[in-house]
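J.: My file is target-v8.txt. It has compact mmCIF, N, CA, C and O atoms:
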# COMPACT_ATOMS: atom_id res chain seq x y z
N MET U 26 89.14 126.65 134.63
CA MET U 26 88.46 125.38 134.44
C MET U 26 88.77 124.49 135.64
O MET U 26 89.91 124.39 136.07
N ARG U 27 87.80 123.85 136.12
CA ARG U 27 87.98 123.01 137.29
C ARG U 27 88.60 121.66 136.90
O ARG U 27 88.53 121.24 135.74
N GLU U 28 89.17 121.02 137.87
CA GLU U 28 89.86 119.75 137.65
C GLU U 28 88.95 118.70 137.04
O GLU U 28 89.30 118.03 136.06
N TYR U 29 87.76 118.54 137.56
CA TYR U 29 86.86 117.51 137.05
C TYR U 29 86.38 117.82 135.64
O TYR U 29 86.06 116.94 134.86
N GLU U 30 86.32 119.10 135.26
CA GLU U 30 85.93 119.45 133.89
C GLU U 30 87.03 119.05 132.90
O GLU U 30 86.74 118.62 131.78
N ARG U 31 88.29 119.21 133.30
CA ARG U 31 89.39 118.81 132.43
C ARG U 31 89.40 117.29 132.24
O ARG U 31 89.66 116.79 131.16
N LEU U 32 89.11 116.56 133.28
CA LEU U 32 89.05 115.10 133.17
C LEU U 32 87.96 114.67 132.21
O LEU U 32 88.11 113.71 131.47
N ARG U 33 86.85 115.36 132.20
CA ARG U 33 85.75 115.04 131.29
C ARG U 33 86.20 115.21 129.83
O ARG U 33 85.89 114.40 128.97
N HIS U 34 86.98 116.25 129.57
CA HIS U 34 87.48 116.48 128.21
C HIS U 34 88.45 115.38 127.80
O HIS U 34 88.46 114.95 126.65
N VAL U 35 89.25 114.93 128.72
CA VAL U 35 90.20 113.86 128.43
C VAL U 35 89.46 112.57 128.14
O VAL U 35 89.82 111.81 127.24
N GLU U 36 88.38 112.31 128.85
CA GLU U 36 87.61 111.10 128.64
C GLU U 36 86.96 111.07 127.26
O GLU U 36 86.79 110.02 126.67
N THR U 37 86.57 112.22 126.74
CA THR U 37 85.87 112.26 125.46
C THR U 37 86.82 112.36 124.28
O THR U 37 86.39 112.33 123.14
N MET U 38 88.12 112.48 124.53
CA MET U 38 89.09 112.55 123.44
C MET U 38 89.19 111.17 122.76
O MET U 38 89.13 110.15 123.43
N PRO U 39 89.35 111.17 121.44
CA PRO U 39 89.51 109.88 120.76
C PRO U 39 90.84 109.24 121.13
O PRO U 39 91.81 109.92 121.45
N ALA U 40 90.86 107.94 121.06
CA ALA U 40 92.10 107.21 121.34
C ALA U 40 93.12 107.51 120.26
O ALA U 40 92.76 107.74 119.10
N PRO U 41 94.40 107.51 120.57
CA PRO U 41 95.41 107.77 119.54
C PRO U 41 95.42 106.65 118.51
O PRO U 41 95.15 105.50 118.82
N ARG U 42 95.71 107.03 117.27
CA ARG U 42 95.75 106.03 116.20
C ARG U 42 96.93 105.11 116.37
O ARG U 42 97.97 105.50 116.89
N HIS U 43 96.75 103.90 115.88
CA HIS U 43 97.83 102.92 115.92
C HIS U 43 98.94 103.42 115.00
O HIS U 43 98.69 103.88 113.89
N PRO U 44 100.20 103.32 115.41
CA PRO U 44 101.30 103.85 114.58
C PRO U 44 101.45 103.16 113.23
O PRO U 44 101.94 103.76 112.28
N LEU U 45 101.01 101.91 113.12
CA LEU U 45 101.15 101.19 111.83
C LEU U 45 99.87 101.17 111.01
O LEU U 45 99.80 100.49 109.99
N ARG U 46 98.85 101.91 111.45
CA ARG U 46 97.56 101.90 110.74
C ARG U 46 97.72 102.30 109.27
O ARG U 46 97.24 101.61 108.37
N LYS U 47 98.42 103.38 109.04
CA LYS U 47 98.60 103.88 107.67
C LYS U 47 99.35 102.86 106.81
O LYS U 47 98.99 102.63 105.65
N HIS U 48 100.36 102.24 107.37
CA HIS U 48 101.15 101.25 106.64
C HIS U 48 100.30 100.02 106.29
O HIS U 48 100.35 99.52 105.17
N ILE U 49 99.52 99.54 107.25
CA ILE U 49 98.67 98.37 107.03
C ILE U 49 97.65 98.67 105.94
O ILE U 49 97.42 97.85 105.03
N LEU U 50 97.03 99.84 105.98
CA LEU U 50 96.04 100.19 104.96
C LEU U 50 96.69 100.31 103.58
O LEU U 50 96.10 99.93 102.58
N ALA U 51 97.92 100.80 103.54
CA ALA U 51 98.63 100.88 102.25
C ALA U 51 98.89 99.48 101.70
O ALA U 51 98.76 99.24 100.48
N LEU U 52 99.25 98.53 102.56
CA LEU U 52 99.46 97.16 102.11
C LEU U 52 98.17 96.55 101.57
O LEU U 52 98.18 95.83 100.57
N PHE U 53 97.05 96.84 102.23
CA PHE U 53 95.76 96.35 101.73
C PHE U 53 95.41 97.02 100.40
O PHE U 53 94.90 96.37 99.49
N ARG U 54 95.68 98.32 100.27
CA ARG U 54 95.37 99.03 99.02
C ARG U 54 96.16 98.44 97.85
O ARG U 54 95.65 98.33 96.74
N ARG U 55 97.43 98.09 98.10
CA ARG U 55 98.26 97.51 97.04
C ARG U 55 97.92 96.06 96.76
O ARG U 55 98.34 95.51 95.75
N GLY U 56 97.19 95.42 97.66
CA GLY U 56 96.80 94.03 97.46
C GLY U 56 97.82 93.04 98.00
O GLY U 56 97.74 91.86 97.70
N GLU U 57 98.77 93.52 98.79
CA GLU U 57 99.81 92.63 99.29
C GLU U 57 99.35 91.81 100.49
O GLU U 57 99.94 90.78 100.78
N LEU U 58 98.33 92.26 101.19
CA LEU U 58 97.79 91.49 102.31
C LEU U 58 96.50 90.81 101.87
O LEU U 58 95.70 91.38 101.12
N VAL U 59 96.30 89.58 102.33
CA VAL U 59 95.15 88.80 101.91
C VAL U 59 94.06 88.77 102.98
O VAL U 59 92.89 88.65 102.65
N SER U 60 94.45 88.88 104.23
CA SER U 60 93.45 88.73 105.29
C SER U 60 93.76 89.65 106.47
O SER U 60 94.86 90.18 106.61
N VAL U 61 92.75 89.80 107.30
CA VAL U 61 92.90 90.59 108.52
C VAL U 61 93.90 89.91 109.45
O VAL U 61 94.67 90.59 110.15
N ALA U 62 93.94 88.60 109.44
CA ALA U 62 94.87 87.86 110.31
C ALA U 62 96.32 88.22 109.99
O ALA U 62 97.15 88.33 110.89
N GLU U 63 96.65 88.40 108.71
CA GLU U 63 98.00 88.81 108.34
C GLU U 63 98.33 90.19 108.90
O GLU U 63 99.43 90.42 109.39
N ALA U 64 97.36 91.10 108.82
CA ALA U 64 97.57 92.45 109.35
C ALA U 64 97.78 92.41 110.85
O ALA U 64 98.61 93.15 111.39
N VAL U 65 97.04 91.54 111.53
CA VAL U 65 97.18 91.41 112.98
C VAL U 65 98.59 90.93 113.33
O VAL U 65 99.20 91.41 114.29
N LEU U 66 99.13 90.01 112.54
CA LEU U 66 100.49 89.52 112.79
C LEU U 66 101.53 90.62 112.60
O LEU U 66 102.55 90.64 113.30
N ILE U 67 101.28 91.53 111.69
CA ILE U 67 102.24 92.59 111.42
C ILE U 67 102.20 93.68 112.48
O ILE U 67 103.23 94.13 112.97
N CYS U 68 101.00 94.11 112.86
CA CYS U 68 100.92 95.31 113.71
C CYS U 68 100.45 95.07 115.13
O CYS U 68 100.38 96.02 115.91
N ASP U 69 100.10 93.87 115.51
CA ASP U 69 99.64 93.55 116.87
C ASP U 69 98.40 94.35 117.28
O ASP U 69 98.21 94.61 118.47
N ALA U 70 97.60 94.76 116.36
CA ALA U 70 96.30 95.38 116.68
C ALA U 70 95.28 94.25 116.73
O ALA U 70 95.52 93.14 116.25
N SER U 71 94.13 94.52 117.28
CA SER U 71 93.10 93.48 117.34
C SER U 71 92.45 93.29 115.97
O SER U 71 92.49 94.18 115.12
N ARG U 72 91.86 92.12 115.78
CA ARG U 72 91.16 91.83 114.52
C ARG U 72 90.03 92.84 114.30
O ARG U 72 89.79 93.28 113.19
N GLN U 73 89.34 93.17 115.38
CA GLN U 73 88.22 94.11 115.29
C GLN U 73 88.71 95.49 114.85
O GLN U 73 88.06 96.15 114.02
N ALA U 74 89.87 95.91 115.36
CA ALA U 74 90.41 97.22 114.99
C ALA U 74 90.77 97.25 113.51
O ALA U 74 90.42 98.20 112.79
N VAL U 75 91.44 96.21 113.03
CA VAL U 75 91.84 96.17 111.61
C VAL U 75 90.60 96.11 110.72
O VAL U 75 90.53 96.80 109.70
N ALA U 76 89.61 95.32 111.11
CA ALA U 76 88.37 95.25 110.33
C ALA U 76 87.67 96.61 110.30
O ALA U 76 87.13 97.02 109.27
N ARG U 77 87.71 97.31 111.41
CA ARG U 77 87.10 98.64 111.46
C ARG U 77 87.86 99.61 110.56
O ARG U 77 87.25 100.41 109.86
N TRP U 78 89.19 99.54 110.53
CA TRP U 78 89.98 100.39 109.65
C TRP U 78 89.59 100.16 108.20
O TRP U 78 89.42 101.10 107.43
N LEU U 79 89.45 98.88 107.84
CA LEU U 79 89.08 98.56 106.45
C LEU U 79 87.70 99.07 106.12
O LEU U 79 87.45 99.59 105.02
N LYS U 80 86.79 98.93 107.05
CA LYS U 80 85.42 99.39 106.83
C LYS U 80 85.38 100.90 106.68
O LYS U 80 84.70 101.43 105.79
N LEU U 81 86.11 101.62 107.53
CA LEU U 81 86.13 103.08 107.44
C LEU U 81 86.74 103.56 106.12
O LEU U 81 86.29 104.56 105.56
N GLU U 82 87.73 102.85 105.62
CA GLU U 82 88.37 103.22 104.36
C GLU U 82 87.58 102.72 103.15
O GLU U 82 87.82 103.15 102.03
N GLY U 83 86.66 101.78 103.37
CA GLY U 83 85.87 101.23 102.27
C GLY U 83 86.67 100.33 101.35
O GLY U 83 86.42 100.29 100.14
N LEU U 84 87.63 99.60 101.90
CA LEU U 84 88.48 98.72 101.08
C LEU U 84 87.89 97.32 101.00
O LEU U 84 87.50 96.75 102.01
N ASP U 85 87.86 96.78 99.79
CA ASP U 85 87.44 95.39 99.58
C ASP U 85 88.71 94.57 99.36
O ASP U 85 89.40 94.74 98.35
N ILE U 86 89.02 93.70 100.29
CA ILE U 86 90.28 92.95 100.26
C ILE U 86 90.38 92.10 99.01
O ILE U 86 91.41 92.08 98.33
N GLU U 87 89.32 91.38 98.67
CA GLU U 87 89.36 90.45 97.54
C GLU U 87 89.59 91.19 96.22
O GLU U 87 90.39 90.75 95.38
N THR U 88 88.90 92.30 96.03
CA THR U 88 89.06 93.06 94.79
C THR U 88 90.48 93.59 94.66
O THR U 88 91.09 93.51 93.59
N ARG U 89 91.02 94.11 95.76
CA ARG U 89 92.38 94.63 95.74
C ARG U 89 93.39 93.51 95.46
O ARG U 89 94.36 93.70 94.73
N ARG U 90 93.17 92.35 96.04
CA ARG U 90 94.08 91.22 95.84
C ARG U 90 94.06 90.75 94.39
O ARG U 90 95.11 90.47 93.79
N MET U 91 92.87 90.66 93.79
CA MET U 91 92.78 90.23 92.40
C MET U 91 93.44 91.24 91.46
O MET U 91 94.08 90.86 90.48
N ALA U 92 93.33 92.52 91.75
CA ALA U 92 94.00 93.54 90.95
C ALA U 92 95.52 93.39 91.07
O ALA U 92 96.25 93.55 90.09
N TYR U 93 95.99 93.08 92.28
CA TYR U 93 97.42 92.87 92.51
C TYR U 93 97.92 91.68 91.71
O TYR U 93 98.97 91.74 91.06
N ILE U 94 97.17 90.59 91.71
CA ILE U 94 97.56 89.40 90.95
C ILE U 94 97.55 89.69 89.46
O ILE U 94 98.43 89.23 88.72
N ALA U 95 96.57 90.47 89.00
CA ALA U 95 96.53 90.84 87.58
C ALA U 95 97.76 91.66 87.20
O ALA U 95 98.33 91.46 86.12
N ARG U 96 98.17 92.58 88.08
CA ARG U 96 99.38 93.37 87.80
C ARG U 96 100.61 92.47 87.74
O ARG U 96 101.46 92.63 86.86
N LEU U 97 100.71 91.52 88.66
CA LEU U 97 101.85 90.59 88.64
C LEU U 97 101.86 89.77 87.37
O LEU U 97 102.92 89.54 86.76
N ARG U 98 100.69 89.31 86.94
CA ARG U 98 100.60 88.49 85.73
C ARG U 98 101.00 89.29 84.50
O ARG U 98 101.76 88.82 83.66
N SER U 99 100.48 90.52 84.38
CA SER U 99 100.81 91.33 83.21
C SER U 99 102.30 91.69 83.20
O SER U 99 102.93 91.71 82.14
N ARG U 100 102.87 91.93 84.38
CA ARG U 100 104.30 92.21 84.46
C ARG U 100 105.11 90.99 84.03
O ARG U 100 106.10 91.10 83.31
N ALA U 101 104.67 89.81 84.45
CA ALA U 101 105.37 88.58 84.08
C ALA U 101 105.28 88.34 82.57
O ALA U 101 106.27 87.93 81.94
N MET U 102 104.10 88.60 82.01
CA MET U 102 103.93 88.40 80.56
C MET U 102 104.81 89.37 79.77
O MET U 102 105.43 88.99 78.78
N SER U 103 104.87 90.63 80.20
CA SER U 103 105.71 91.60 79.48
C SER U 103 107.19 91.26 79.65
O SER U 103 107.97 91.45 78.72
N ASP U 104 107.57 90.76 80.82
CA ASP U 104 108.96 90.33 81.01
C ASP U 104 109.29 89.15 80.10
O ASP U 104 110.39 89.06 79.55
N MET U 105 108.34 88.24 79.96
CA MET U 105 108.55 87.08 79.10
C MET U 105 108.66 87.50 77.64
O MET U 105 109.49 86.98 76.90
N ASP U 106 107.84 88.47 77.22
CA ASP U 106 107.90 88.94 75.84
C ASP U 106 109.21 89.67 75.55
O ASP U 106 109.73 89.61 74.44
N ALA U 107 109.76 90.33 76.55
CA ALA U 107 110.99 91.10 76.35
C ALA U 107 112.24 90.23 76.49
O ALA U 107 113.33 90.65 76.10
N ALA U 108 112.09 89.04 77.03
CA ALA U 108 113.25 88.17 77.24
C ALA U 108 113.80 87.69 75.90
O ALA U 108 113.04 87.41 74.97
N PRO U 109 115.10 87.59 75.78
CA PRO U 109 115.67 87.10 74.52
C PRO U 109 115.33 85.62 74.32
O PRO U 109 115.15 84.87 75.28
N ALA U 110 115.25 85.23 73.05
CA ALA U 110 114.93 83.84 72.73
C ALA U 110 116.09 82.94 73.15
O ALA U 110 117.25 83.36 73.22
N ARG U 111 115.76 81.70 73.41
CA ARG U 111 116.78 80.73 73.81
C ARG U 111 117.73 80.50 72.64
O ARG U 111 117.32 80.34 71.49
N ARG U 112 119.00 80.46 72.93
CA ARG U 112 120.01 80.24 71.89
C ARG U 112 120.03 78.76 71.52
O ARG U 112 120.00 77.89 72.38
N LEU U 113 120.07 78.50 70.20
CA LEU U 113 120.08 77.12 69.71
C LEU U 113 121.46 76.49 69.91
O LEU U 113 122.48 77.16 69.78
N SER U 114 121.44 75.18 70.16
CA SER U 114 122.70 74.46 70.28
C SER U 114 123.28 74.21 68.89
O SER U 114 122.61 74.38 67.87
N LYS U 115 124.53 73.80 68.84
CA LYS U 115 125.19 73.54 67.55
C LYS U 115 124.48 72.45 66.77
O LYS U 115 124.30 72.55 65.56
N SER U 116 124.04 71.39 67.47
CA SER U 116 123.37 70.30 66.77
C SER U 116 122.02 70.76 66.21
O SER U 116 121.63 70.36 65.10
N GLU U 117 121.32 71.62 66.95
CA GLU U 117 120.05 72.15 66.43
C GLU U 117 120.29 73.05 65.23
O GLU U 117 119.55 72.99 64.23
N GLN U 118 121.32 73.87 65.30
CA GLN U 118 121.66 74.73 64.16
C GLN U 118 122.02 73.89 62.93
O GLN U 118 121.59 74.20 61.81
N ARG U 119 122.78 72.84 63.16
CA ARG U 119 123.16 71.94 62.06
C ARG U 119 121.94 71.29 61.44
O ARG U 119 121.82 71.21 60.21
N ALA U 120 121.02 70.81 62.27
CA ALA U 120 119.81 70.15 61.75
C ALA U 120 118.97 71.13 60.93
O ALA U 120 118.45 70.76 59.86
N ILE U 121 118.84 72.35 61.39
CA ILE U 121 118.06 73.36 60.65
C ILE U 121 118.74 73.66 59.32
O ILE U 121 118.07 73.76 58.26
N THR U 122 120.05 73.79 59.33
CA THR U 122 120.79 74.07 58.09
C THR U 122 120.64 72.92 57.10
O THR U 122 120.40 73.15 55.90
N GLU U 123 120.79 71.69 57.58
CA GLU U 123 120.65 70.52 56.70
C GLU U 123 119.25 70.45 56.10
O GLU U 123 119.09 70.15 54.91
N LYS U 124 118.24 70.73 56.89
CA LYS U 124 116.86 70.71 56.38
C LYS U 124 116.67 71.79 55.33
O LYS U 124 116.06 71.55 54.27
N ALA U 125 117.21 72.98 55.57
CA ALA U 125 117.08 74.07 54.60
C ALA U 125 117.80 73.74 53.30
O ALA U 125 117.27 73.99 52.20
N VAL U 126 118.98 73.11 53.37
CA VAL U 126 119.73 72.74 52.18
C VAL U 126 118.97 71.67 51.41
O VAL U 126 118.85 71.72 50.17
N ARG U 127 118.41 70.69 52.13
CA ARG U 127 117.63 69.63 51.48
C ARG U 127 116.43 70.21 50.73
O ARG U 127 116.18 69.87 49.57
N GLU U 128 115.69 71.10 51.39
CA GLU U 128 114.52 71.71 50.75
C GLU U 128 114.93 72.56 49.55
O GLU U 128 114.25 72.54 48.52
N PHE U 129 116.04 73.27 49.65
CA PHE U 129 116.52 74.08 48.54
C PHE U 129 116.88 73.19 47.35
O PHE U 129 116.52 73.47 46.20
N ASN U 130 117.60 72.07 47.60
CA ASN U 130 117.99 71.15 46.52
C ASN U 130 116.76 70.54 45.86
O ASN U 130 116.74 70.37 44.64
N GLU U 131 115.75 70.18 46.65
CA GLU U 131 114.52 69.61 46.07
C GLU U 131 113.82 70.62 45.17
O GLU U 131 113.34 70.27 44.09
N ARG U 132 113.79 71.87 45.56
CA ARG U 132 113.17 72.92 44.73
C ARG U 132 113.96 73.14 43.44
O ARG U 132 113.36 73.39 42.39
N GLN U 133 115.28 73.01 43.52
CA GLN U 133 116.11 73.20 42.34
C GLN U 133 115.93 72.08 41.34
O GLN U 133 115.96 72.30 40.13
N ARG U 134 115.75 70.83 41.82
CA ARG U 134 115.53 69.69 40.93
C ARG U 134 114.20 69.77 40.21
O ARG U 134 114.08 69.30 39.08
N LYS U 135 113.19 70.33 40.87
CA LYS U 135 111.86 70.42 40.27
C LYS U 135 111.82 71.44 39.15
O LYS U 135 110.95 71.36 38.29
N ARG U 136 112.75 72.30 39.01
CA ARG U 136 112.75 73.32 37.97
C ARG U 136 113.06 72.74 36.67
O ARG U 136 113.44 72.08 36.01
Translate the structure of the given file into structure tokens.
T.:
Amino acid sequence: MREYERLRHVETMPAPRHPLRKHILALFRRGELVSVAEAVLICDASRQAVARWLKLEGLDIETRRMAYIARLRSRAMSDMDAAPARRLSKSEQRAITEKAVREFNERQRKR
């Protein structure tokens, strides 16, 4: 193969992928990134390159972000449901006991 033929093959080779491309796309898939500008800050690729990556993968940023927020909300709700109830203070316990005794005595008098 002649020298100029090898150069032609090198010219037609695709450019190497950005080393953080896979990581950035994973962040978008999980919904952790909100905009292309955030991705640019992380990986120093151009806005056009990141937009092209998203287009090639067919990712909708807004849909992914809303799903991420829904997961966070459901996780927070389940954590809240599993959390133990607040412990009552002594004065609150006393007030509840006094009210229960009062109601019990009133029911006993009505008999």
J.: Run DSSP on the backbone and give me the residues of chain U it puts in alpha helix (DSSP H), as an MDAnalysis selection string.
T.: chainID U and resid 28:37 46:55 61:68 72:82 86:107 115:135
J.: Please determine, counting all atoms listed in the file, which residue among U:Val75, U:Lys135, U:Ile49, U:Arg55 has the shortest atom-to-atom distance to U:Tyr93.
T.: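 Of U:Val75, U:Lys135, U:Ile49, U:Arg55, the one nearest U:Tyr93 is U:Arg55, counting all atoms listed in the file.
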J.: Restricting the calculation to all atoms listed in the file, which member of U:Glu63, U:Asp106, U:Arg134, U:Trp78 is positioned closest to U:Arg46?
T.: U:Trp78
J.: When you draw a straight line from atom N of U:Met102 to atom C of U:Thr88, how long is it in Å?
T.: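 Calculated distance between atom N of U:Met102 and atom C of U:Thr88 is 19.2 Å.
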J.: Rounded to one decimal in Å, what is the spacing between atom O of U:Arg111 and atom N of U:Lys124?
T.: 17.5 Å
J.: Take atom CA of U:Gly83 and atom CA of U:Asp69 and report the distance between them in Å, one decimal.
T.: 21.5 Å
